[in-house]
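Text of the file final-v9.txt, holding compact mmCIF, C-alpha atoms and all ligand atoms:
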# COMPACT_ATOMS: atom_id res chain seq x y z
CA MET Y 793 -6.87 121.65 45.37
CA LYS Y 794 -8.55 119.70 42.61
CA ILE Y 795 -8.58 120.45 38.93
CA ASP Y 796 -9.78 118.58 35.86
CA VAL Y 797 -7.21 117.63 33.23
CA ASN Y 798 -8.64 116.13 30.04
CA GLY Y 799 -11.71 115.04 31.97
CA LYS Y 800 -9.80 113.40 34.82
CA SER Y 801 -9.67 114.80 38.33
CA VAL Y 802 -6.15 115.71 39.47
CA ASP Y 803 -5.05 116.64 43.00
CA LEU Y 804 -2.49 119.43 43.24
CA GLU Y 805 -0.64 120.40 46.42
CA LYS Y 806 -0.40 124.03 45.33
CA GLN Y 807 -1.30 126.41 42.54
CA PHE Y 808 0.58 125.78 39.30
CA THR Y 809 1.26 127.92 36.29
CA ILE Y 810 0.44 126.35 32.91
CA SER Y 811 4.19 125.81 32.31
CA GLU Y 812 4.53 124.02 35.66
CA LEU Y 813 1.42 121.96 35.04
CA LEU Y 814 2.74 120.79 31.66
CA LYS Y 815 5.86 119.52 33.48
CA LYS Y 816 3.92 118.06 36.40
CA MET Y 817 1.61 116.14 34.05
CA GLU Y 818 4.66 114.91 32.14
CA VAL Y 819 3.56 116.26 28.80
CA LYS Y 820 6.53 115.15 26.75
CA MET Y 821 6.19 117.52 23.83
CA PRO Y 822 4.50 120.67 25.12
CA ASP Y 823 5.01 122.35 21.75
CA MET Y 824 2.73 119.73 20.24
CA VAL Y 825 -0.07 120.74 22.59
CA SER Y 826 -2.62 123.53 22.66
CA VAL Y 827 -3.76 124.33 26.20
CA GLU Y 828 -7.36 125.23 26.93
CA LEU Y 829 -8.23 126.63 30.36
CA ASN Y 830 -11.93 126.78 31.20
CA GLY Y 831 -12.87 126.78 27.53
CA LYS Y 832 -10.34 129.36 26.40
CA ILE Y 833 -7.19 128.61 24.39
CA ILE Y 834 -4.21 130.10 26.23
CA ARG Y 835 -1.51 131.92 24.28
CA LYS Y 836 1.91 130.34 24.70
CA ASP Y 837 3.39 133.62 25.94
CA GLN Y 838 1.01 133.42 28.92
CA TYR Y 839 2.06 129.96 30.11
CA ASP Y 840 4.50 131.30 32.70
CA GLU Y 841 2.05 133.73 34.33
CA MET Y 842 -1.32 132.01 33.94
CA VAL Y 843 -2.16 130.17 37.16
CA VAL Y 844 -4.50 127.21 37.42
CA LYS Y 845 -6.94 127.50 40.32
CA ASP Y 846 -9.08 125.09 42.31
CA GLY Y 847 -11.93 123.70 40.20
CA ASP Y 848 -10.40 124.75 36.88
CA LYS Y 849 -10.83 122.62 33.78
CA VAL Y 850 -7.73 122.13 31.67
CA GLU Y 851 -7.56 120.42 28.29
CA PHE Y 852 -4.31 119.48 26.62
CA LEU Y 853 -5.23 119.27 22.94
CA TYR Y 854 -2.69 117.47 20.79
CA PHE Y 855 -1.62 118.28 17.27
CA MET Y 856 -2.48 115.30 15.10
CA GLY Y 857 -1.65 114.72 11.47
CA GLY Y 858 -2.66 111.70 9.51
CA GLY Y 859 -0.57 108.87 10.86
CA ASN Y 860 2.00 108.93 8.11
CA GLY Y 861 4.18 110.96 10.40
CA PHE Y 862 3.73 114.29 12.08
CA PHE Y 863 5.40 115.99 9.21
CA ARG Y 864 6.24 114.75 5.84
CA ARG Y 865 7.91 116.01 2.81
CA THR Y 866 5.68 118.26 0.82
CA ASP Y 867 7.81 118.46 -2.27
CA MET H 908 -38.67 113.52 -7.61
CA ASP H 909 -37.33 111.63 -10.56
CA PHE H 910 -35.72 108.54 -9.17
CA SER H 911 -35.20 105.50 -11.32
CA GLY H 912 -36.55 102.20 -10.01
CA GLU H 913 -33.00 101.16 -9.35
CA GLN H 914 -32.28 104.29 -7.34
CA ILE H 915 -35.37 103.82 -5.20
CA GLU H 916 -34.19 100.30 -4.45
CA ARG H 917 -30.55 101.25 -3.92
CA TYR H 918 -31.32 103.99 -1.41
CA SER H 919 -34.45 102.42 0.08
CA ARG H 920 -32.92 101.80 3.52
CA GLN H 921 -32.13 105.45 4.02
CA ILE H 922 -35.14 106.83 2.16
CA ILE H 923 -37.35 105.10 4.73
CA LEU H 924 -35.67 107.17 7.47
CA LYS H 925 -38.05 110.05 7.98
CA GLU H 926 -35.09 112.45 8.45
CA VAL H 927 -33.90 111.54 4.95
CA GLY H 928 -36.86 110.58 2.79
CA GLY H 929 -37.06 111.12 -0.95
CA GLU H 930 -36.38 114.80 -0.48
CA GLY H 931 -33.18 114.16 1.47
CA GLN H 932 -32.01 111.61 -1.08
CA LYS H 933 -32.55 114.16 -3.81
CA LYS H 934 -30.47 116.65 -1.78
CA LEU H 935 -27.63 114.12 -1.48
CA LEU H 936 -27.70 113.37 -5.19
CA ASP H 937 -27.52 117.10 -5.89
CA SER H 938 -24.63 117.66 -3.45
CA LYS H 939 -20.94 118.08 -4.05
CA VAL H 940 -18.27 117.13 -1.52
CA LEU H 941 -14.52 117.64 -1.85
CA VAL H 942 -12.36 115.05 -0.12
CA VAL H 943 -8.76 116.16 0.29
CA GLY H 944 -6.56 113.10 0.70
CA ALA H 945 -7.55 109.62 -0.49
CA GLY H 946 -5.78 108.00 2.45
CA GLY H 947 -6.69 106.59 5.85
CA LEU H 948 -9.40 109.16 6.53
CA GLY H 949 -10.42 109.82 2.93
CA SER H 950 -10.95 106.15 2.03
CA PRO H 951 -13.91 105.48 4.33
CA VAL H 952 -15.29 108.97 3.69
CA LEU H 953 -15.28 108.42 -0.08
CA LEU H 954 -16.71 104.91 0.08
CA TYR H 955 -19.58 105.85 2.38
CA LEU H 956 -20.44 109.13 0.67
CA ALA H 957 -20.52 107.36 -2.70
CA ALA H 958 -22.65 104.56 -1.25
CA ALA H 959 -25.06 107.11 0.23
CA GLY H 960 -25.45 108.71 -3.20
CA VAL H 961 -23.69 112.04 -2.77
CA GLY H 962 -23.89 113.05 -6.42
CA ARG H 963 -20.48 114.54 -6.98
CA LEU H 964 -17.25 113.76 -5.20
CA GLY H 965 -13.95 115.55 -5.70
CA VAL H 966 -10.88 113.49 -4.83
CA VAL H 967 -7.59 115.32 -4.26
CA ASP H 968 -4.35 113.40 -3.87
CA GLY H 969 -0.99 113.81 -5.54
CA ASP H 970 0.45 110.53 -4.29
CA LYS H 971 0.68 107.03 -5.68
CA VAL H 972 -0.54 103.98 -3.78
CA ASP H 973 2.23 102.46 -1.65
CA LEU H 974 2.24 99.03 -0.03
CA THR H 975 2.46 100.69 3.42
CA ASN H 976 -0.86 102.46 2.72
CA LEU H 977 -2.98 99.33 2.43
CA GLN H 978 -3.10 98.67 6.18
CA ARG H 979 -5.58 101.55 6.53
CA GLN H 980 -6.41 103.12 3.17
CA VAL H 981 -9.16 100.67 2.38
CA ILE H 982 -10.20 102.12 -0.98
CA HIS H 983 -6.88 100.92 -2.47
CA PHE H 984 -6.17 97.26 -3.17
CA THR H 985 -2.96 95.27 -3.56
CA GLY H 986 -3.06 95.49 -7.35
CA ASP H 987 -3.21 99.29 -7.13
CA VAL H 988 0.32 99.73 -5.77
CA ASP H 989 2.15 102.43 -7.80
CA LYS H 990 -1.12 103.68 -9.34
CA PRO H 991 -2.13 107.31 -8.68
CA LYS H 992 -4.43 107.31 -5.64
CA THR H 993 -7.01 109.40 -7.48
CA ASP H 994 -7.31 106.79 -10.26
CA SER H 995 -7.45 103.91 -7.81
CA ALA H 996 -10.18 105.65 -5.77
CA LYS H 997 -12.20 106.61 -8.82
CA GLU H 998 -12.24 103.02 -10.11
CA LYS H 999 -13.73 101.72 -6.87
CA LEU H 1000 -16.24 104.52 -6.45
CA ILE H 1001 -17.64 104.13 -9.97
CA GLN H 1002 -18.09 100.41 -9.38
CA LEU H 1003 -19.73 101.04 -6.03
CA ASN H 1004 -22.22 103.59 -7.32
CA PRO H 1005 -22.56 104.67 -10.96
CA ASP H 1006 -24.84 107.55 -9.84
CA VAL H 1007 -21.82 109.41 -8.49
CA ARG H 1008 -19.72 111.72 -10.62
CA ILE H 1009 -16.05 111.73 -9.61
CA ASP H 1010 -13.68 114.66 -10.19
CA THR H 1011 -10.02 113.83 -9.70
CA TYR H 1012 -7.25 116.26 -8.79
CA ASP H 1013 -3.97 114.41 -9.11
CA PHE H 1014 -1.82 117.06 -7.50
CA ARG H 1015 -1.10 118.80 -4.25
CA LEU H 1016 -3.21 121.75 -3.19
CA THR H 1017 -1.38 125.04 -2.85
CA SER H 1018 -2.37 128.58 -1.99
CA GLU H 1019 -2.49 129.15 -5.76
CA ASN H 1020 -4.99 126.47 -6.71
CA ILE H 1021 -7.03 125.58 -3.63
CA ARG H 1022 -9.66 128.34 -3.62
CA GLU H 1023 -10.98 127.71 -7.11
CA ILE H 1024 -11.34 124.00 -6.33
CA VAL H 1025 -12.96 124.42 -2.92
CA ARG H 1026 -15.41 126.93 -4.43
CA LYS H 1027 -17.06 124.23 -6.58
CA TYR H 1028 -18.20 122.12 -3.62
CA ASP H 1029 -20.75 122.33 -0.81
CA PHE H 1030 -18.66 120.73 1.92
CA VAL H 1031 -14.97 119.89 2.32
CA ILE H 1032 -13.35 116.97 4.13
CA ASP H 1033 -9.80 117.41 5.42
CA GLY H 1034 -8.39 113.91 5.18
CA THR H 1035 -4.78 115.07 4.84
CA ASP H 1036 -1.84 113.82 6.82
CA ASN H 1037 0.25 116.95 7.18
CA PHE H 1038 -0.01 120.30 8.91
CA PRO H 1039 0.68 122.64 6.00
CA ALA H 1040 -2.32 121.13 4.20
CA LYS H 1041 -4.50 121.34 7.31
CA TYR H 1042 -3.81 125.05 7.77
CA LEU H 1043 -4.22 125.67 4.06
CA ILE H 1044 -7.63 123.95 3.99
CA ASN H 1045 -8.76 125.85 7.08
CA ASP H 1046 -7.72 129.18 5.61
CA ALA H 1047 -9.10 128.51 2.11
CA CYS H 1048 -12.44 127.36 3.56
CA TYR H 1049 -12.51 130.47 5.74
CA PHE H 1050 -11.98 132.78 2.78
CA GLU H 1051 -14.48 130.85 0.63
CA GLY H 1052 -17.00 130.49 3.47
CA LYS H 1053 -17.11 126.71 2.99
CA PRO H 1054 -18.04 124.38 5.83
CA PHE H 1055 -15.52 121.63 6.43
CA SER H 1056 -14.60 118.74 8.66
CA HIS H 1057 -11.11 118.68 10.12
CA ALA H 1058 -9.57 115.49 11.48
CA GLY H 1059 -6.26 114.21 12.73
CA VAL H 1060 -5.14 110.76 13.80
CA LEU H 1061 -2.04 109.45 15.49
CA ARG H 1062 -1.25 106.02 16.90
CA PHE H 1063 -4.41 105.03 18.83
CA ASP H 1064 -5.93 108.52 18.94
CA GLY H 1065 -8.04 110.63 16.69
CA GLN H 1066 -9.86 113.92 16.78
CA THR H 1067 -12.30 115.78 14.59
CA ILE H 1068 -14.18 119.07 14.51
CA THR H 1069 -16.66 120.58 12.09
CA VAL H 1070 -16.12 124.21 11.13
CA LEU H 1071 -18.69 126.65 9.82
CA PRO H 1072 -16.31 129.49 8.94
CA GLY H 1073 -17.08 132.76 10.67
CA GLU H 1074 -19.77 131.10 12.82
CA SER H 1075 -17.96 128.44 14.80
CA ALA H 1076 -14.43 127.86 16.07
CA CYS H 1077 -11.93 127.13 13.31
CA TYR H 1078 -8.78 125.00 13.34
CA ARG H 1079 -6.63 128.04 14.08
CA CYS H 1080 -8.91 129.03 16.97
CA VAL H 1081 -7.83 125.79 18.65
CA PHE H 1082 -4.34 125.47 17.19
CA PRO H 1083 -3.37 129.10 16.47
CA THR H 1084 0.18 128.38 15.44
CA PRO H 1085 1.89 125.30 14.08
CA PRO H 1086 4.48 123.72 16.34
CA PRO H 1087 7.83 125.49 16.09
CA ARG H 1088 10.82 124.15 14.25
CA GLY H 1089 13.20 121.97 16.22
CA VAL H 1090 10.58 120.26 18.41
CA VAL H 1091 9.31 117.95 15.73
CA PRO H 1092 9.07 114.40 16.97
CA THR H 1093 10.78 111.84 14.82
CA CYS H 1094 8.56 110.04 12.37
CA SER H 1095 9.31 106.69 13.94
CA GLN H 1096 7.28 107.89 16.92
CA ALA H 1097 4.28 108.19 14.68
CA GLY H 1098 2.29 105.30 13.26
CA ILE H 1099 -1.42 104.64 13.22
CA LEU H 1100 -3.75 101.75 13.87
CA GLY H 1101 -5.78 101.50 10.65
CA VAL H 1102 -9.18 101.26 12.32
CA VAL H 1103 -8.61 104.58 14.12
CA ALA H 1104 -8.55 106.39 10.78
CA GLY H 1105 -11.68 104.43 9.83
CA VAL H 1106 -13.59 105.46 12.95
CA ILE H 1107 -12.66 109.13 12.62
CA GLY H 1108 -13.19 109.17 8.84
CA LEU H 1109 -16.70 107.86 9.31
CA VAL H 1110 -17.45 110.58 11.84
CA GLN H 1111 -16.38 113.05 9.14
CA ALA H 1112 -18.62 111.36 6.56
CA THR H 1113 -21.51 111.47 9.04
CA GLU H 1114 -20.99 115.19 9.57
CA ALA H 1115 -20.98 115.80 5.80
CA ILE H 1116 -24.24 113.88 5.35
CA LYS H 1117 -25.90 115.69 8.27
CA TYR H 1118 -24.79 119.05 6.93
CA LEU H 1119 -26.08 118.26 3.43
CA LEU H 1120 -29.41 117.02 4.79
CA GLY H 1121 -29.65 119.79 7.38
CA ILE H 1122 -30.35 117.34 10.20
CA GLY H 1123 -29.01 116.77 13.70
CA ASP H 1124 -26.32 118.70 15.56
CA LEU H 1125 -22.93 119.23 13.99
CA LEU H 1126 -19.61 118.92 15.79
CA THR H 1127 -19.23 122.68 15.73
CA ASP H 1128 -17.41 124.31 18.65
CA THR H 1129 -16.71 120.76 19.75
CA LEU H 1130 -13.51 118.81 19.29
CA LEU H 1131 -14.40 115.13 19.45
CA THR H 1132 -11.45 113.11 20.69
CA TYR H 1133 -11.19 109.35 20.48
CA ASN H 1134 -8.86 106.83 22.04
CA ALA H 1135 -9.06 103.29 20.74
CA LEU H 1136 -7.24 101.65 23.66
CA THR H 1137 -9.63 102.93 26.31
CA MET H 1138 -12.46 103.13 23.72
CA THR H 1139 -13.39 106.59 24.90
CA PHE H 1140 -14.92 109.43 22.99
CA ARG H 1141 -14.83 112.86 24.60
CA ARG H 1142 -16.49 116.04 23.46
CA VAL H 1143 -14.23 118.96 24.29
CA SER H 1144 -15.95 122.32 24.05
CA VAL H 1145 -13.96 124.91 22.17
CA ARG H 1146 -14.98 128.38 21.18
CA LYS H 1147 -14.12 131.05 18.69
CA ASN H 1148 -10.85 132.53 19.83
CA GLU H 1149 -10.66 136.32 19.76
CA ASP H 1150 -6.90 135.99 19.22
CA CYS H 1151 -7.42 133.62 16.25
CA PRO H 1152 -5.01 134.72 13.50
CA ILE H 1153 -7.67 134.28 10.82
CA CYS H 1154 -11.17 134.60 12.29
CA GLY H 1155 -10.31 136.60 15.43
CA ARG H 1156 -10.75 140.28 16.12
CA LYS H 1157 -7.48 141.40 14.60
CA PRO H 1158 -6.65 138.80 11.95
CA GLU H 1159 -3.02 138.68 10.84
CA ILE H 1160 -3.88 136.40 7.94
CA THR H 1161 -5.70 138.41 5.34
CA GLU H 1162 -4.74 136.41 2.28
CA LEU H 1163 -3.95 132.80 1.53
CA LYS H 1164 -0.36 131.72 2.06
CA ASP H 1165 1.32 128.35 2.13
CA GLN H 1166 2.24 127.56 5.71
CA GLU H 1167 5.96 127.21 6.28
CA LEU H 1168 6.45 124.23 8.50
CA PRO H 1169 9.19 121.93 9.64
CA LEU H 1170 9.39 118.74 7.68
CA CYS H 1171 10.49 115.34 8.70
CA ASP H 1172 12.25 112.92 6.48
CA LEU H 1173 10.52 109.59 6.22
CA GLU H 1174 13.77 107.84 5.39
ZN ZN Y 1201 -10.48 130.87 14.05
Once you've parsed the file, please lay out its structure as C-alpha cells.
Amino acid sequence: MKIDVNGKSVDLEKQFTISELLKKMEVKMPDMVSVELNGKIIRKDQYDEMVVKDGDKVEFLYFMGGGNGFFRRTD
Amino acid sequence: MDFSGEQIERYSRQIILKEVGGEGQKKLLDSKVLVVGAGGLGSPVLLYLAAAGVGRLGVVDGDKVDLTNLQRQVIHFTGDVDKPKTDSAKEKLIQLNPDVRIDTYDFRLTSENIREIVRKYDFVIDGTDNFPAKYLINDACYFEGKPFSHAGVLRFDGQTITVLPGESACYRCVFPTPPPRGVVPTCSQAGILGVVAGVIGLVQATEAIKYLLGIGDLLTDTLLTYNALTMTFRRVSVRKNEDCPICGRKPEITELKDQELPLCDLE
C-alpha cells in the first residue's frame, strides 16, 4: 500500500500503527514531533492503536524553537 | 490623508500598489505591532515593518547582544555587543524611519505581564527562541483575541503559521503539549543558518502587513514549512483541534500560566 509522508509517497508492505510508522521512517526524536493523519492531529495516547491505511496522508510536524537551542535557560 | 511630502516620497513605491494606496499607507502608519524577540526572526521583521511605515513597533527582549548573535540577528552590529537588544534595535529603527514610534520592553514576558502588553497592539509576532515563550504568546493572544504569527527555525528548516484566535488553528491545536522532560536533544544538535531565520521572519512580516492592510490570504490553518537545502516550501493544512487544551471543546487552560518546560544548559 502507498501512503504520503510529508508530501512524499511511501510504499508500505503492511498496515502500520503510528508508533510503528515513526520507527519505520526513522524519526529519531518522536517526542519532538506532532503527527497529523489526514488533517487531524493525533493524540500521543492513540499512537499504538491508530492504524495508517492505504492512501492516507501523514505529516510529521517538528517542534522548532529559534535556533539558539531547543531549550534555553529562562532565568 | 495628511502625508508630508517626504512621506509621499518615502512610501511612493508601495503607495502606487493599488492594494496599498494612500489609504493603506495611512492604515500602516496608524498600526501597532508587537515583536517578541529582537533576534534572528525579529530582526528582519522589525527592519521591514519600520521601513514599510508601521507607525508603532513594540520590541520585547530581555537579552544583551552577544557576538554569536550577529551571524543572523541583522539589526545588531559588531559595536552593539553587550548592549541591551532593545536599545540596539531601537537605534537602528529610528535611523531607518523617524516616522515610527518604538516602545521597548527590556525584560522577559511572563504570565504576569504579557496580557497588558499584548493588549496595546494590533498584531503580534512571535520571534522567540524557546518553547515556554511560544506557548505563553499563544495563550496570551488567545485570551486577548489578538492575531499573531508564530514561527520556529532550526538548522536548515523553518515553519510559520498565522493564528486568528478562536477562528483558526492555534499553536496548541498543532502542538498540544510541549515535549516531555528527558527527551530534550542536546543544544549542540541545534544551530541555525542565518538566512533561514531571515526567510521565515520576512514571511511573518508579510503576514503582519497583509493583516493590517486587510489584503490577500493569510497563513491561517496552514503551517508553511521551509527547507533551505532542498529550497522547498510546503503548505501543510492544519485545522482547529477539538482536543486543543486552550481553544478546543473542553479547554483545560482557562487562565494564563507560565509553561513548565525542560531546559537545556547552553554551557
Ligand atoms: Zn487551539
Name each residue within 12 Å of ligand ZN 1201 (chain Y), counting all atoms listed in the file, as a short mmCIF file (atom, residue, chain, number, x, y, z; two decimals) with C-alpha atoms, in the frame of the given file.
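Writing done, so here's result17.cif:
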data_model
loop_
_atom_site.label_atom_id
_atom_site.label_comp_id
_atom_site.auth_asym_id
_atom_site.auth_seq_id
_atom_site.Cartn_x
_atom_site.Cartn_y
_atom_site.Cartn_z
CA ILE Y 833 -7.19 128.61 24.39
CA TYR H 1042 -3.81 125.05 7.77
CA ASN H 1045 -8.76 125.85 7.08
CA ASP H 1046 -7.72 129.18 5.61
CA CYS H 1048 -12.44 127.36 3.56
CA TYR H 1049 -12.51 130.47 5.74
CA PHE H 1050 -11.98 132.78 2.78
CA VAL H 1070 -16.12 124.21 11.13
CA LEU H 1071 -18.69 126.65 9.82
CA PRO H 1072 -16.31 129.49 8.94
CA GLY H 1073 -17.08 132.76 10.67
CA GLU H 1074 -19.77 131.10 12.82
CA SER H 1075 -17.96 128.44 14.80
CA ALA H 1076 -14.43 127.86 16.07
CA CYS H 1077 -11.93 127.13 13.31
CA TYR H 1078 -8.78 125.00 13.34
CA ARG H 1079 -6.63 128.04 14.08
CA CYS H 1080 -8.91 129.03 16.97
CA VAL H 1081 -7.83 125.79 18.65
CA PHE H 1082 -4.34 125.47 17.19
CA PRO H 1083 -3.37 129.10 16.47
CA THR H 1084 0.18 128.38 15.44
CA ASP H 1128 -17.41 124.31 18.65
CA VAL H 1145 -13.96 124.91 22.17
CA ARG H 1146 -14.98 128.38 21.18
CA LYS H 1147 -14.12 131.05 18.69
CA ASN H 1148 -10.85 132.53 19.83
CA GLU H 1149 -10.66 136.32 19.76
CA ASP H 1150 -6.90 135.99 19.22
CA CYS H 1151 -7.42 133.62 16.25
CA PRO H 1152 -5.01 134.72 13.50
CA ILE H 1153 -7.67 134.28 10.82
CA CYS H 1154 -11.17 134.60 12.29
CA GLY H 1155 -10.31 136.60 15.43
CA ARG H 1156 -10.75 140.28 16.12
CA LYS H 1157 -7.48 141.40 14.60
CA PRO H 1158 -6.65 138.80 11.95
CA GLU H 1159 -3.02 138.68 10.84
CA ILE H 1160 -3.88 136.40 7.94
#
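Nearest-residue note for chain H: choosing from Y:Asp840, Y:Asp846, Y:Asp823, Y:Glu812, the minimum distance belongs to Y:Asp823, counting all atoms listed in the file.
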So that I can check the surroundings of segment 1113-1126 of chain H, please list as a PyMOL selection string every protein, DNA and RNA residue that reaches within 10 Å of it, counting all atoms listed in the file and ignoring chain neighbours fewer than 4 positions away.
chain H and resi 926-927+930-935+937-940+952+955-956+959+961+1029-1032+1054-1056+1067-1071+1075+1107-1109+1130-1131+1142+1144
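Using all atoms listed in the file, the residues found no farther than 9 Å from Leu964 of chain H, other than those of its own chain fewer than 5 positions away, are H:Ser938, H:Lys939, H:Val940, H:Leu941, H:Val942, H:Leu953, H:Leu956, H:Ala957, H:Val1007, H:Arg1008, H:Ile1009, H:Asp1010, H:Thr1011, H:Tyr1028.
Proximity ranking of H:Lys1164, H:Val1143, H:Thr975, H:Asp1036 relative to Val827 of chain Y places H:Val1143 first, based on all atoms listed in the file.
For the pair atom CA of Ile1099 of chain H and atom CA of Gln980 of chain H, the interatomic distance is 11.3 Å.
Atom pair atom CA of Leu829 of chain Y / atom CA of Gly1098 of chain H has a distance of 29.3 Å (rounded to one decimal).
Across the structure, atom CA of Asp848 of chain Y and atom CA of Ser801 of chain Y are spaced 10.1 Å apart.
Distances to Gly857 of chain Y were evaluated for H:Thr1035, H:Ser919, H:Ser995, H:Asn976 using only C-alpha atoms, and the minimum falls at H:Thr1035.
Using all atoms listed in the file, the shortest contact distance between Pro1085 of chain H and any of Y:Ser826, Y:Val844, Y:Val850, Y:Gly799 is found at Y:Ser826.
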* To do: With a distance cut-off of 9 Å and only C-alpha atoms, select the neighbouring residues of Asp803 of chain Y, excluding the residue or stretch itself and same-chain residues fewer than 3 positions from it, and output the selection as a VMD selection string.
  => chain Y and resid 793 to 796
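The point (-13.3, 104.9, -3.9) has these residues within 9 Å of it, counting only C-alpha atoms: Ala945, Gly949, Ser950, Pro951, Val952, Leu953, Leu954, Tyr955, Ala957, Val966, Val981, Ile982, His983, Thr993, Asp994, Ser995, Ala996, Lys997, Glu998, Lys999, Leu1000, Ile1001, Gln1002 and Leu1003 of chain H.
Close contacts of Asp1064 of chain H, defined as residues with an atom at most 9 Å away when counting only C-alpha atoms, with chain neighbours fewer than 2 positions off set aside, comprise Met856 of chain Y; Gly1059, Val1060, Leu1061, Arg1062, Gln1066, Ile1099, Leu1100, Val1103, Ala1104, Thr1132, Tyr1133, Asn1134, Ala1135 and Leu1136 of chain H.
Among the candidates Y:Asp837, Y:Met842, Y:Glu805, Y:Val797, the one nearest to Val819 of chain Y when counting all atoms listed in the file is Y:Val797.
With only C-alpha atoms as the atoms that count, the minimum distance from chain Y to the choices H:Ala1112, H:Ile915, H:Leu1163, H:Ala1097 is reached by H:Ala1097.
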